[in-house]
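Enquirer: Dropping in target-v2.txt, with compact mmCIF, N, CA and C atoms.
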```txt
# COMPACT_ATOMS: atom_id res chain seq x y z
N MET A 1 1.76 13.61 -2.51
CA MET A 1 1.67 13.78 -1.07
C MET A 1 2.99 13.37 -0.46
N ASP A 2 3.43 14.10 0.53
CA ASP A 2 4.70 13.84 1.21
C ASP A 2 4.63 12.54 1.98
N ARG A 3 5.52 11.62 1.69
CA ARG A 3 5.53 10.30 2.34
C ARG A 3 6.08 10.36 3.75
N THR A 4 6.64 11.51 4.15
CA THR A 4 7.13 11.62 5.52
C THR A 4 6.04 12.09 6.47
N THR A 5 4.91 12.49 5.93
CA THR A 5 3.78 12.91 6.75
C THR A 5 3.24 11.70 7.50
N SER A 6 2.97 11.89 8.78
CA SER A 6 2.48 10.76 9.58
C SER A 6 1.14 10.29 9.05
N ARG A 7 0.85 9.01 9.27
CA ARG A 7 -0.38 8.42 8.79
C ARG A 7 -1.62 9.18 9.30
N PRO A 8 -1.71 9.51 10.60
CA PRO A 8 -2.89 10.25 11.05
C PRO A 8 -3.05 11.58 10.33
N ALA A 9 -1.94 12.27 10.07
CA ALA A 9 -2.03 13.55 9.37
C ALA A 9 -2.46 13.34 7.92
N ARG A 10 -1.98 12.26 7.31
CA ARG A 10 -2.36 11.96 5.93
C ARG A 10 -3.84 11.61 5.85
N CYS A 11 -4.37 11.00 6.89
CA CYS A 11 -5.73 10.50 6.85
C CYS A 11 -6.76 11.47 7.42
N ALA A 12 -6.29 12.53 8.05
CA ALA A 12 -7.21 13.43 8.73
C ALA A 12 -8.13 14.15 7.76
N THR A 13 -7.66 14.38 6.56
CA THR A 13 -8.48 15.08 5.59
C THR A 13 -9.18 14.07 4.70
N GLY A 14 -10.11 14.55 3.98
CA GLY A 14 -10.82 13.67 3.05
C GLY A 14 -12.25 13.48 3.48
N SER A 15 -13.11 13.43 2.51
CA SER A 15 -14.52 13.25 2.80
C SER A 15 -15.03 12.09 1.96
N PRO A 16 -16.16 11.49 2.39
CA PRO A 16 -16.71 10.37 1.61
C PRO A 16 -17.02 10.80 0.18
N LYS A 17 -16.43 10.11 -0.79
CA LYS A 17 -16.68 10.43 -2.19
C LYS A 17 -16.71 9.13 -2.98
N GLY A 18 -17.47 9.12 -4.02
CA GLY A 18 -17.44 8.03 -4.98
C GLY A 18 -17.82 6.67 -4.43
N ASP A 19 -17.57 5.68 -5.21
CA ASP A 19 -17.92 4.31 -4.88
C ASP A 19 -16.79 3.65 -4.10
N ARG A 20 -16.97 3.55 -2.78
CA ARG A 20 -15.93 2.98 -1.94
C ARG A 20 -15.84 1.46 -2.08
N LEU A 21 -16.93 0.80 -2.40
CA LEU A 21 -16.93 -0.66 -2.51
C LEU A 21 -15.92 -1.14 -3.55
N ALA A 22 -15.91 -0.51 -4.71
CA ALA A 22 -14.95 -0.89 -5.76
C ALA A 22 -13.52 -0.66 -5.28
N LEU A 23 -13.30 0.44 -4.59
CA LEU A 23 -11.96 0.72 -4.06
C LEU A 23 -11.56 -0.32 -3.02
N LEU A 24 -12.47 -0.67 -2.14
CA LEU A 24 -12.17 -1.67 -1.12
C LEU A 24 -11.85 -3.02 -1.75
N GLU A 25 -12.54 -3.36 -2.81
CA GLU A 25 -12.26 -4.61 -3.53
C GLU A 25 -10.88 -4.54 -4.18
N GLU A 26 -10.52 -3.38 -4.72
CA GLU A 26 -9.21 -3.20 -5.34
C GLU A 26 -8.10 -3.32 -4.29
N ILE A 27 -8.31 -2.72 -3.11
CA ILE A 27 -7.34 -2.81 -2.02
C ILE A 27 -7.17 -4.26 -1.58
N ALA A 28 -8.28 -4.96 -1.40
CA ALA A 28 -8.22 -6.36 -0.95
C ALA A 28 -7.47 -7.22 -1.97
N ALA A 29 -7.73 -7.02 -3.25
CA ALA A 29 -7.04 -7.80 -4.28
C ALA A 29 -5.55 -7.48 -4.29
N PHE A 30 -5.20 -6.21 -4.15
CA PHE A 30 -3.80 -5.80 -4.13
C PHE A 30 -3.06 -6.42 -2.95
N VAL A 31 -3.70 -6.40 -1.77
CA VAL A 31 -3.08 -6.98 -0.58
C VAL A 31 -2.92 -8.48 -0.74
N ARG A 32 -3.95 -9.15 -1.26
CA ARG A 32 -3.84 -10.60 -1.49
C ARG A 32 -2.68 -10.92 -2.43
N GLU A 33 -2.54 -10.13 -3.46
CA GLU A 33 -1.50 -10.37 -4.46
C GLU A 33 -0.10 -10.22 -3.88
N HIS A 34 0.07 -9.28 -2.95
CA HIS A 34 1.41 -8.95 -2.47
C HIS A 34 1.66 -9.29 -1.00
N ALA A 35 0.74 -9.92 -0.33
CA ALA A 35 0.85 -10.16 1.12
C ALA A 35 2.05 -11.03 1.50
N ASP A 36 2.46 -11.91 0.61
CA ASP A 36 3.59 -12.78 0.94
C ASP A 36 4.90 -12.25 0.37
N ILE A 37 5.00 -10.94 0.28
CA ILE A 37 6.16 -10.32 -0.34
C ILE A 37 7.47 -10.66 0.37
N LEU A 38 7.44 -10.85 1.68
CA LEU A 38 8.67 -11.22 2.38
C LEU A 38 9.13 -12.62 1.98
N ALA A 39 8.19 -13.49 1.73
CA ALA A 39 8.55 -14.86 1.36
C ALA A 39 9.17 -14.92 -0.04
N ARG A 40 8.87 -13.93 -0.86
CA ARG A 40 9.40 -13.97 -2.23
C ARG A 40 10.12 -12.69 -2.60
N TYR A 41 10.63 -11.97 -1.59
CA TYR A 41 11.32 -10.70 -1.86
C TYR A 41 12.48 -10.89 -2.83
N HIS A 42 13.14 -12.05 -2.77
CA HIS A 42 14.33 -12.29 -3.58
C HIS A 42 14.06 -12.34 -5.07
N ILE A 43 12.80 -12.55 -5.46
CA ILE A 43 12.50 -12.59 -6.90
C ILE A 43 12.14 -11.22 -7.45
N HIS A 44 12.01 -10.23 -6.56
CA HIS A 44 11.67 -8.86 -6.97
C HIS A 44 12.93 -8.01 -7.07
N THR A 45 12.97 -7.16 -8.06
CA THR A 45 14.03 -6.16 -8.12
C THR A 45 13.65 -5.01 -7.21
N MET A 46 14.60 -4.14 -6.93
CA MET A 46 14.29 -2.96 -6.13
C MET A 46 13.26 -2.10 -6.85
N ALA A 47 13.33 -2.05 -8.16
CA ALA A 47 12.34 -1.30 -8.94
C ALA A 47 10.94 -1.88 -8.74
N ASP A 48 10.84 -3.22 -8.71
CA ASP A 48 9.54 -3.87 -8.45
C ASP A 48 9.01 -3.45 -7.09
N LEU A 49 9.87 -3.52 -6.09
CA LEU A 49 9.44 -3.18 -4.72
C LEU A 49 9.03 -1.71 -4.65
N ASN A 50 9.77 -0.83 -5.33
CA ASN A 50 9.39 0.58 -5.34
C ASN A 50 8.05 0.79 -6.03
N ARG A 51 7.81 0.07 -7.14
CA ARG A 51 6.53 0.18 -7.86
C ARG A 51 5.37 -0.29 -6.99
N ILE A 52 5.57 -1.42 -6.30
CA ILE A 52 4.52 -1.94 -5.42
C ILE A 52 4.25 -0.96 -4.29
N GLU A 53 5.33 -0.39 -3.74
CA GLU A 53 5.18 0.59 -2.66
C GLU A 53 4.41 1.82 -3.13
N GLN A 54 4.72 2.31 -4.33
CA GLN A 54 4.01 3.47 -4.89
C GLN A 54 2.52 3.17 -5.06
N GLU A 55 2.21 1.97 -5.54
CA GLU A 55 0.81 1.59 -5.72
C GLU A 55 0.11 1.49 -4.36
N CYS A 56 0.81 1.01 -3.38
CA CYS A 56 0.27 0.92 -2.03
C CYS A 56 -0.10 2.33 -1.53
N TRP A 57 0.82 3.27 -1.70
CA TRP A 57 0.55 4.66 -1.29
C TRP A 57 -0.62 5.24 -2.07
N ARG A 58 -0.68 4.95 -3.37
CA ARG A 58 -1.77 5.48 -4.19
C ARG A 58 -3.12 4.98 -3.67
N LEU A 59 -3.18 3.67 -3.40
CA LEU A 59 -4.44 3.10 -2.89
C LEU A 59 -4.80 3.68 -1.53
N HIS A 60 -3.79 3.86 -0.68
CA HIS A 60 -4.07 4.43 0.64
C HIS A 60 -4.58 5.85 0.52
N ASP A 61 -3.93 6.66 -0.31
CA ASP A 61 -4.37 8.05 -0.50
C ASP A 61 -5.77 8.10 -1.10
N GLU A 62 -6.06 7.20 -2.02
CA GLU A 62 -7.40 7.14 -2.62
C GLU A 62 -8.44 6.78 -1.56
N ALA A 63 -8.10 5.83 -0.70
CA ALA A 63 -9.03 5.45 0.38
C ALA A 63 -9.30 6.64 1.29
N CYS A 64 -8.25 7.36 1.63
CA CYS A 64 -8.43 8.53 2.50
C CYS A 64 -9.28 9.60 1.83
N SER A 65 -9.05 9.83 0.55
CA SER A 65 -9.81 10.87 -0.15
C SER A 65 -11.28 10.51 -0.29
N ARG A 66 -11.58 9.21 -0.21
CA ARG A 66 -12.98 8.76 -0.32
C ARG A 66 -13.60 8.51 1.05
N GLY A 67 -12.90 8.88 2.11
CA GLY A 67 -13.46 8.71 3.44
C GLY A 67 -13.43 7.28 3.93
N ALA A 68 -12.56 6.47 3.39
CA ALA A 68 -12.48 5.06 3.77
C ALA A 68 -11.10 4.73 4.34
N CYS A 69 -10.47 5.73 4.93
CA CYS A 69 -9.10 5.56 5.39
C CYS A 69 -8.97 4.46 6.44
N GLY A 70 -9.94 4.33 7.30
CA GLY A 70 -9.88 3.31 8.33
C GLY A 70 -9.84 1.90 7.78
N THR A 71 -10.28 1.73 6.55
CA THR A 71 -10.28 0.40 5.94
C THR A 71 -8.95 0.06 5.29
N ALA A 72 -8.03 1.01 5.29
CA ALA A 72 -6.75 0.80 4.61
C ALA A 72 -5.67 0.26 5.55
N GLY A 73 -6.06 -0.30 6.68
CA GLY A 73 -5.09 -0.85 7.62
C GLY A 73 -4.23 -1.94 7.02
N GLU A 74 -4.82 -2.74 6.14
CA GLU A 74 -4.05 -3.79 5.48
C GLU A 74 -2.94 -3.19 4.63
N LEU A 75 -3.20 -2.02 4.06
CA LEU A 75 -2.18 -1.36 3.25
C LEU A 75 -1.02 -0.90 4.12
N ALA A 76 -1.31 -0.43 5.34
CA ALA A 76 -0.24 -0.02 6.25
C ALA A 76 0.65 -1.20 6.58
N GLU A 77 0.06 -2.36 6.80
CA GLU A 77 0.83 -3.56 7.08
C GLU A 77 1.66 -3.95 5.85
N LEU A 78 1.07 -3.84 4.68
CA LEU A 78 1.78 -4.17 3.46
C LEU A 78 2.94 -3.19 3.23
N GLU A 79 2.72 -1.90 3.51
CA GLU A 79 3.80 -0.91 3.39
C GLU A 79 4.97 -1.31 4.29
N TYR A 80 4.67 -1.78 5.49
CA TYR A 80 5.70 -2.23 6.42
C TYR A 80 6.46 -3.43 5.83
N LEU A 81 5.72 -4.42 5.31
CA LEU A 81 6.35 -5.60 4.73
C LEU A 81 7.23 -5.25 3.53
N ILE A 82 6.77 -4.31 2.72
CA ILE A 82 7.57 -3.87 1.58
C ILE A 82 8.87 -3.24 2.08
N GLY A 83 8.77 -2.41 3.11
CA GLY A 83 9.96 -1.80 3.70
C GLY A 83 10.95 -2.85 4.19
N ARG A 84 10.43 -3.88 4.85
CA ARG A 84 11.29 -4.97 5.34
C ARG A 84 11.94 -5.71 4.16
N ALA A 85 11.17 -5.96 3.11
CA ALA A 85 11.72 -6.65 1.93
C ALA A 85 12.82 -5.81 1.30
N LYS A 86 12.63 -4.49 1.26
CA LYS A 86 13.66 -3.61 0.69
C LYS A 86 14.92 -3.65 1.55
N GLU A 87 14.76 -3.72 2.86
CA GLU A 87 15.91 -3.82 3.75
C GLU A 87 16.67 -5.12 3.51
N MET A 88 15.94 -6.19 3.23
CA MET A 88 16.55 -7.49 3.03
C MET A 88 17.31 -7.58 1.69
N LYS A 89 16.95 -6.72 0.75
CA LYS A 89 17.66 -6.68 -0.53
C LYS A 89 19.06 -6.21 -0.25
```
Mind turning the file's structure into structure tokens?

Expert:
Amino acid sequence: MDRTTSRPARCATGSPKGDRLALLEEIAAFVREHADILARYHIHTMADLNRIEQECWRLHDEACSRGACGTAGELAELEYLIGRAKEMK
């Protein structure tokens, strides 16, 4: 999926599918693991930050495809923090 597509356009499609609870738990765990990324950006390589960003997008796209896009707000915040950490590198 094109990363330049606006969030509303990315989220507009998708219907409820599969087990959203497991996905929501995966999103919450991912956000908990990486939420303090700005505090420890200096220990990550740019490759690490890119990998975390890719996983963030994957989880967001998965949430949208399962009709749980509104619950991915934490991922949007994390995407922003990752972007800031990359700028600080």

Enquirer: Mind giving me the straight-line distance from atom CA of A:Arg20 to atom CA of A:Asp36 in Å, one decimal?

Expert: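 Interatomic distance, atom CA of A:Arg20 to atom CA of A:Asp36: 25.3 Å.
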
Enquirer: In Å to one decimal, how far is atom C of A:Asp19 from atom N of A:Gly83?

Expert: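 It comes out at 27.2 Å.
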
Enquirer: Near A:Tyr80, within 12 Å and counting only C-alpha atoms, which residues show up once chain neighbours fewer than 3 positions away are dropped, as JSON, numbers by chain?

Expert: {"A": [34, 35, 37, 38, 49, 52, 53, 56, 57, 73, 74, 75, 76, 77, 83, 84, 85, 86, 87]}

Enquirer: Would you write out those residues with N, CA and C atoms, as a short mmCIF file (atom, residue, chain, number, x, y, z; two decimals), keeping the file's coordinate frame?

Expert:
```cif
data_model
loop_
_atom_site.label_atom_id
_atom_site.label_comp_id
_atom_site.auth_asym_id
_atom_site.auth_seq_id
_atom_site.Cartn_x
_atom_site.Cartn_y
_atom_site.Cartn_z
N HIS A 34 0.07 -9.28 -2.95
CA HIS A 34 1.41 -8.95 -2.47
C HIS A 34 1.66 -9.29 -1.00
N ALA A 35 0.74 -9.92 -0.33
CA ALA A 35 0.85 -10.16 1.12
C ALA A 35 2.05 -11.03 1.50
N ILE A 37 5.00 -10.94 0.28
CA ILE A 37 6.16 -10.32 -0.34
C ILE A 37 7.47 -10.66 0.37
N LEU A 38 7.44 -10.85 1.68
CA LEU A 38 8.67 -11.22 2.38
C LEU A 38 9.13 -12.62 1.98
N LEU A 49 9.87 -3.52 -6.09
CA LEU A 49 9.44 -3.18 -4.72
C LEU A 49 9.03 -1.71 -4.65
N ILE A 52 5.57 -1.42 -6.30
CA ILE A 52 4.52 -1.94 -5.42
C ILE A 52 4.25 -0.96 -4.29
N GLU A 53 5.33 -0.39 -3.74
CA GLU A 53 5.18 0.59 -2.66
C GLU A 53 4.41 1.82 -3.13
N CYS A 56 0.81 1.01 -3.38
CA CYS A 56 0.27 0.92 -2.03
C CYS A 56 -0.10 2.33 -1.53
N TRP A 57 0.82 3.27 -1.70
CA TRP A 57 0.55 4.66 -1.29
C TRP A 57 -0.62 5.24 -2.07
N GLY A 73 -6.06 -0.30 6.68
CA GLY A 73 -5.09 -0.85 7.62
C GLY A 73 -4.23 -1.94 7.02
N GLU A 74 -4.82 -2.74 6.14
CA GLU A 74 -4.05 -3.79 5.48
C GLU A 74 -2.94 -3.19 4.63
N LEU A 75 -3.20 -2.02 4.06
CA LEU A 75 -2.18 -1.36 3.25
C LEU A 75 -1.02 -0.90 4.12
N ALA A 76 -1.31 -0.43 5.34
CA ALA A 76 -0.24 -0.02 6.25
C ALA A 76 0.65 -1.20 6.58
N GLU A 77 0.06 -2.36 6.80
CA GLU A 77 0.83 -3.56 7.08
C GLU A 77 1.66 -3.95 5.85
N GLY A 83 8.77 -2.41 3.11
CA GLY A 83 9.96 -1.80 3.70
C GLY A 83 10.95 -2.85 4.19
N ARG A 84 10.43 -3.88 4.85
CA ARG A 84 11.29 -4.97 5.34
C ARG A 84 11.94 -5.71 4.16
N ALA A 85 11.17 -5.96 3.11
CA ALA A 85 11.72 -6.65 1.93
C ALA A 85 12.82 -5.81 1.30
N LYS A 86 12.63 -4.49 1.26
CA LYS A 86 13.66 -3.61 0.69
C LYS A 86 14.92 -3.65 1.55
N GLU A 87 14.76 -3.72 2.86
CA GLU A 87 15.91 -3.82 3.75
C GLU A 87 16.67 -5.12 3.51
#
```

Enquirer: Looking at A:Leu81, A:Cys64, A:Met88, A:Leu59, which one is nearest to A:Ile27, with distances taken over only N, CA and C atoms?

Expert: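 Among the listed residues, the smallest separation from A:Ile27 belongs to A:Leu59.
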
Enquirer: Using only C-alpha atoms - which residues lie no farther than 12 Å from the point (-6.5, -3.0, -7.5) in the file's frame? Write them as a list of chain:residue names.

Expert: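 Nearby residues: A:Leu21, A:Ala22, A:Leu23, A:Leu24, A:Glu25, A:Glu26, A:Ile27, A:Ala28, A:Ala29, A:Phe30, A:Val31, A:Arg32, A:Glu33, A:His34, A:Ile52, A:Glu55, A:Cys56, A:Arg58, A:Leu59, A:His60, A:Glu62, A:Ala63, A:Leu75.
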
Enquirer: So what do you get for atom CA of A:Asp48 versus atom CA of A:Gly67, distance-wise?

Expert: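 Calculated distance between atom CA of A:Asp48 and atom CA of A:Gly67 is 28.8 Å.
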
Enquirer: Taking all atoms of stretch 77-87 of chain A that appear in the file, build a box with edges along x, y and z, extend it by 6 Å on every side, and state its centre and edge lengths in Å to one decimal, as AutoDock Vina command-line options.

Expert:
```
--center_x 8.4 --center_y -3.8 --center_z 3.9 --size_x 28.6 --size_y 17.7 --size_z 18.4
```

Enquirer: Mind dumping stretch 33-46 of chain A from that block, keeping C-alpha atoms, as a compact mmCIF listing (two decimals), in the first residue's frame?

Expert:
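File produced: out-v4.txt:
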```txt
# COMPACT_ATOMS: atom_id res chain seq x y z
CA GLU A 33 7.19 -2.26 23.40
CA HIS A 34 8.05 0.78 21.29
CA ALA A 35 6.20 3.70 22.94
CA ASP A 36 9.35 5.16 24.48
CA ILE A 37 11.23 5.12 21.19
CA LEU A 38 12.17 8.80 21.46
CA ALA A 39 13.79 8.19 24.82
CA ARG A 40 15.97 5.45 23.37
CA TYR A 41 16.24 6.43 19.70
CA HIS A 42 20.04 6.61 20.03
CA ILE A 43 20.34 2.87 20.62
CA HIS A 44 18.48 2.04 17.39
CA THR A 45 20.04 1.98 13.96
CA MET A 46 18.18 3.53 11.05
```
